[in-house]
Amino acid sequence: MAIRYTVAARDTLSALAGRFYGDSSLYPVIAVANRIADPNVIRVGQVLVIPGLTATHTVVAGDTLSGLAERFYGDRARFPLIAAANKLADPNTITVGQTLIIPDLTLTKHRLFCVPGTWEAVAAANANPGGISPSDPIGMLTGITNALDPQWFDIEYVNYPASFGPVPGGGDALLDALGRPSYRASRDMGIAELTRLINAHEGTFGLLGYSQGGAVVSLVGREIVSGSLQSRRGDCRWVHALASPHRGLGRTFHLGNSLAFQGISGDNITETHPIDWFDYCLPGDIYGNADIAGTYLKQAYDIATEFTLTDPVAMIIGIAEHLVDWANSGILGPVDPARLFATAVALTNFLRDFPHDKYGIWDIIPARTALAHSAAHLNYWGPRIPPA
């Protein structure tokens, strides 16, 4: 793999070749890769591609450098790069059996694992009866990923476990394939799948999640900070969670909005160092901003997450419809009428405005939606934090 390097004061190509290759005489490789006419002239702030020099090719009859350049780079004119890497005085002379270094120009990128809510996968399957795949870009997070610079990021959607493969048919077919899980079971499937993908990936990465996917990346992020995935803490550059039920009290984003409450789960995450961790939540979205002490929202959420997976509107409607019955049955515990009324008001306001699907519409700070803020932040820092 190749890397990008930003020229600093007093850098020279020979010094960079010595640093990256252990051989200062290989400076022509860097010069040719970057089409530098005068290897003695580079400028501070210039971004150079430093090719990798681990790939090799054994020459066979009929090989030429220009032919190899066409095969490996799609450009016959890049043959001087192979000549420079192998210190060939005459690029027209190579011998059968000779082992050549083939400079690798494939640039490393940050991997972004994007976790929608499973209900978004169901909605996407309904919109595309021909089928859906585990890694299809879907839902709210496309408002971020479609705006990212592809030269810095590889995007991988985690819609449901890859072991299920593409699922033909609509949303019901997908739910049947997944075993019609509860919200909690579906979330836990997402956690297991994201953990598997992180362990299988070498290099830097970030996590993006929305709604139920926000819960997934929050809980996996906690494992990276202080749990079973601590060995990957140095590789995790970003966690951006939107509408996460696990948003900790006071957790927000750079120059972010100030919210009075916390995620509806009550299992809230505040320890995020050293990851660049943003929690986005609109003020009226009780998934991420619920008055745990003054309402029965947490208790109702705990009950509802054991039901068969539904979308966020249906979940809150179900809570609203059953709230009085749950209170009368004692399932909520000792009932305070004022607290019960506050719960009903919070549910009514949520269903009236439904901020949960407005992260690409409503500004979270002046002139900037949450999706736009996340994309701008990633596009700014992606080039400034070297991928590995």
# chains A, B, ... in the order shown; residues from 1 in each chain; ligands from 1

call {"tool": "residues_around", "arguments": {"residues": "Gly131 in chain A", "least_positions_apart": "3", "cutoff": "8 Å", "atoms": "only C-alpha atoms", "output": "PyMOL selection string"}}
result
chain A and resi 125+128+166-170

call {"tool": "write_last_selection", "arguments": {"atoms": "C-alpha atoms", "output": "mmCIF file, in the first residue's frame"}}
result
data_model
loop_
_atom_site.group_PDB
_atom_site.id
_atom_site.type_symbol
_atom_site.label_atom_id
_atom_site.label_comp_id
_atom_site.auth_asym_id
_atom_site.auth_seq_id
_atom_site.Cartn_x
_atom_site.Cartn_y
_atom_site.Cartn_z
ATOM 1 C CA ALA A 125 -36.034 -3.976 1.380
ATOM 2 C CA ASN A 128 -36.533 -2.755 -3.397
ATOM 3 C CA PRO A 166 -28.359 -10.983 0.044
ATOM 4 C CA VAL A 167 -32.018 -11.404 0.953
ATOM 5 C CA PRO A 168 -34.515 -11.326 -1.947
ATOM 6 C CA GLY A 169 -37.999 -9.996 -1.409
ATOM 7 C CA GLY A 170 -39.314 -7.196 0.769
#

call {"tool": "residues_around", "arguments": {"residues": "Arg232 in chain A", "least_positions_apart": "6", "cutoff": "12 Å", "atoms": "only C-alpha atoms", "output": "short mmCIF file (atom, residue, chain, number, x, y, z; two decimals) with C-alpha atoms, in the first residue's frame"}}
result
data_model
loop_
_atom_site.label_atom_id
_atom_site.label_comp_id
_atom_site.auth_asym_id
_atom_site.auth_seq_id
_atom_site.Cartn_x
_atom_site.Cartn_y
_atom_site.Cartn_z
CA THR A 195 -17.15 -6.47 16.39
CA LEU A 197 -15.71 -6.67 11.12
CA ILE A 198 -13.45 -4.56 13.32
CA ASN A 199 -11.41 -7.60 14.29
CA ALA A 200 -11.10 -8.60 10.63
CA HIS A 201 -9.94 -5.13 9.55
CA GLU A 202 -6.35 -3.97 9.82
CA GLY A 203 -5.79 -0.25 10.01
CA THR A 204 -7.63 2.89 11.03
CA PHE A 205 -11.40 3.08 11.14
CA GLY A 206 -14.40 5.01 12.36
CA VAL A 220 -19.06 -1.12 20.58
CA GLY A 221 -17.29 2.21 21.14
CA ARG A 222 -17.40 1.55 24.88
CA GLU A 223 -15.71 -1.80 24.30
CA ILE A 224 -13.00 -0.02 22.30
CA VAL A 225 -12.42 2.58 25.02
CA SER A 226 -12.39 0.30 28.03
CA PRO A 274 -9.20 9.23 23.34
CA ILE A 275 -11.64 8.73 20.43
#

call {"tool": "residues_around", "arguments": {"residues": "Leu141 in chain A", "least_positions_apart": "2", "cutoff": "7 Å", "atoms": "only C-alpha atoms", "output": "MDAnalysis selection string"}}
result
chainID A and resid 116 139 143:145 210

call {"tool": "write_last_selection", "arguments": {"atoms": "N, CA and C atoms", "output": "compact mmCIF listing (two decimals), in the first residue's frame"}}
result
# COMPACT_ATOMS: atom_id res chain seq x y z
N PRO A 116 -26.85 1.43 10.11
CA PRO A 116 -28.23 1.93 10.19
C PRO A 116 -29.00 1.13 11.23
N GLY A 139 -30.50 4.45 4.02
CA GLY A 139 -30.99 5.18 5.16
C GLY A 139 -30.33 6.52 5.44
N GLY A 143 -26.72 10.36 4.00
CA GLY A 143 -26.57 11.81 4.00
C GLY A 143 -25.19 12.25 4.45
N ILE A 144 -24.48 11.38 5.15
CA ILE A 144 -23.08 11.64 5.50
C ILE A 144 -22.16 11.03 4.46
N THR A 145 -22.35 9.75 4.20
CA THR A 145 -21.36 9.04 3.37
C THR A 145 -21.36 9.52 1.93
N TYR A 210 -26.85 5.37 13.40
CA TYR A 210 -28.07 6.17 13.57
C TYR A 210 -29.15 5.31 14.21

call {"tool": "select_by_dssp", "arguments": {"residues": "range 181-210 of chain A", "states": "strand (DSSP E)", "output": "ChimeraX atom specification"}}
result
/A:205-210

call {"tool": "residues_around", "arguments": {"residues": "range 190-194 of chain A", "least_positions_apart": "4", "cutoff": "10 Å", "atoms": "only C-alpha atoms", "output": "count of residues only"}}
result
28

call {"tool": "atom_distance", "arguments": {"atom1": "CA of Val32 in chain A", "atom2": "CA of Leu81 in chain A"}}
result
5.8 Å

call {"tool": "residues_around", "arguments": {"residues": "Gln299 in chain A", "least_positions_apart": "3", "cutoff": "10 Å", "atoms": "only C-alpha atoms", "output": "PyMOL selection string"}}
result
chain A and resi 264-266+292+295-296+302-304+326+331-333

call {"tool": "write_last_selection", "arguments": {"atoms": "N, CA and C atoms", "output": "PDB file, in the first residue's frame"}}
result
ATOM      1  N   ILE A 264     -32.350   7.344  26.230  1.00  0.00           N
ATOM      2  CA  ILE A 264     -33.517   6.725  26.845  1.00  0.00           C
ATOM      3  C   ILE A 264     -33.202   5.387  27.510  1.00  0.00           C
ATOM      4  N   SER A 265     -32.091   4.746  27.119  1.00  0.00           N
ATOM      5  CA  SER A 265     -31.771   3.430  27.685  1.00  0.00           C
ATOM      6  C   SER A 265     -31.394   3.503  29.156  1.00  0.00           C
ATOM      7  N   GLY A 266     -30.893   4.653  29.599  1.00  0.00           N
ATOM      8  CA  GLY A 266     -30.367   4.763  30.957  1.00  0.00           C
ATOM      9  C   GLY A 266     -28.991   4.157  31.112  1.00  0.00           C
ATOM     10  N   ILE A 292     -34.884  10.783  32.293  1.00  0.00           N
ATOM     11  CA  ILE A 292     -34.958   9.476  32.955  1.00  0.00           C
ATOM     12  C   ILE A 292     -35.560   9.592  34.349  1.00  0.00           C
ATOM     13  N   THR A 295     -39.603  10.866  34.268  1.00  0.00           N
ATOM     14  CA  THR A 295     -40.604  10.148  33.470  1.00  0.00           C
ATOM     15  C   THR A 295     -40.409   8.639  33.631  1.00  0.00           C
ATOM     16  N   TYR A 296     -41.272   7.886  32.969  1.00  0.00           N
ATOM     17  CA  TYR A 296     -41.130   6.432  32.897  1.00  0.00           C
ATOM     18  C   TYR A 296     -40.641   5.997  31.515  1.00  0.00           C
ATOM     19  N   ASP A 302     -37.396  -0.189  28.038  1.00  0.00           N
ATOM     20  CA  ASP A 302     -36.929  -1.535  28.377  1.00  0.00           C
ATOM     21  C   ASP A 302     -37.971  -2.590  28.008  1.00  0.00           C
ATOM     22  N   ILE A 303     -39.232  -2.267  28.228  1.00  0.00           N
ATOM     23  CA  ILE A 303     -40.300  -3.207  27.868  1.00  0.00           C
ATOM     24  C   ILE A 303     -40.408  -3.338  26.353  1.00  0.00           C
ATOM     25  N   ALA A 304     -40.415  -2.200  25.667  1.00  0.00           N
ATOM     26  CA  ALA A 304     -40.653  -2.194  24.223  1.00  0.00           C
ATOM     27  C   ALA A 304     -39.527  -2.851  23.443  1.00  0.00           C
ATOM     28  N   TRP A 326     -49.717  -0.445  31.394  1.00  0.00           N
ATOM     29  CA  TRP A 326     -48.504  -0.841  32.108  1.00  0.00           C
ATOM     30  C   TRP A 326     -48.478  -0.237  33.508  1.00  0.00           C
ATOM     31  N   ILE A 331     -46.192  -2.971  36.132  1.00  0.00           N
ATOM     32  CA  ILE A 331     -44.950  -3.315  35.443  1.00  0.00           C
ATOM     33  C   ILE A 331     -43.950  -2.156  35.448  1.00  0.00           C
ATOM     34  N   LEU A 332     -44.475  -0.926  35.612  1.00  0.00           N
ATOM     35  CA  LEU A 332     -43.585   0.238  35.678  1.00  0.00           C
ATOM     36  C   LEU A 332     -43.078   0.492  37.091  1.00  0.00           C
ATOM     37  N   GLY A 333     -43.563  -0.291  38.065  1.00  0.00           N
ATOM     38  CA  GLY A 333     -43.210  -0.046  39.451  1.00  0.00           C
ATOM     39  C   GLY A 333     -44.199   0.915  40.083  1.00  0.00           C
TER      40      GLY A 333
END

call {"tool": "residues_around", "arguments": {"residues": "Ala61 in chain A", "least_positions_apart": "3", "cutoff": "10 Å", "atoms": "only C-alpha atoms", "output": "short mmCIF file (atom, residue, chain, number, x, y, z; two decimals) with N, CA and C atoms, in the first residue's frame"}}
result
data_model
loop_
_atom_site.label_atom_id
_atom_site.label_comp_id
_atom_site.auth_asym_id
_atom_site.auth_seq_id
_atom_site.Cartn_x
_atom_site.Cartn_y
_atom_site.Cartn_z
N THR A 64 7.77 -6.69 -20.84
CA THR A 64 8.49 -5.42 -20.98
C THR A 64 8.04 -4.52 -19.84
N ILE A 94 15.41 -6.20 -19.44
CA ILE A 94 15.09 -7.05 -18.30
C ILE A 94 15.23 -8.50 -18.76
N THR A 95 15.47 -9.40 -17.82
CA THR A 95 15.76 -10.79 -18.18
C THR A 95 14.72 -11.74 -17.58
N VAL A 96 14.45 -12.80 -18.31
CA VAL A 96 13.53 -13.82 -17.82
C VAL A 96 14.04 -14.37 -16.49
N GLY A 97 13.16 -14.48 -15.51
CA GLY A 97 13.53 -14.96 -14.18
C GLY A 97 13.91 -13.86 -13.22
#

call {"tool": "atom_distance", "arguments": {"atom1": "CA of Asp267 in chain A", "atom2": "CA of Gly227 in chain A"}}
result
15.2 Å
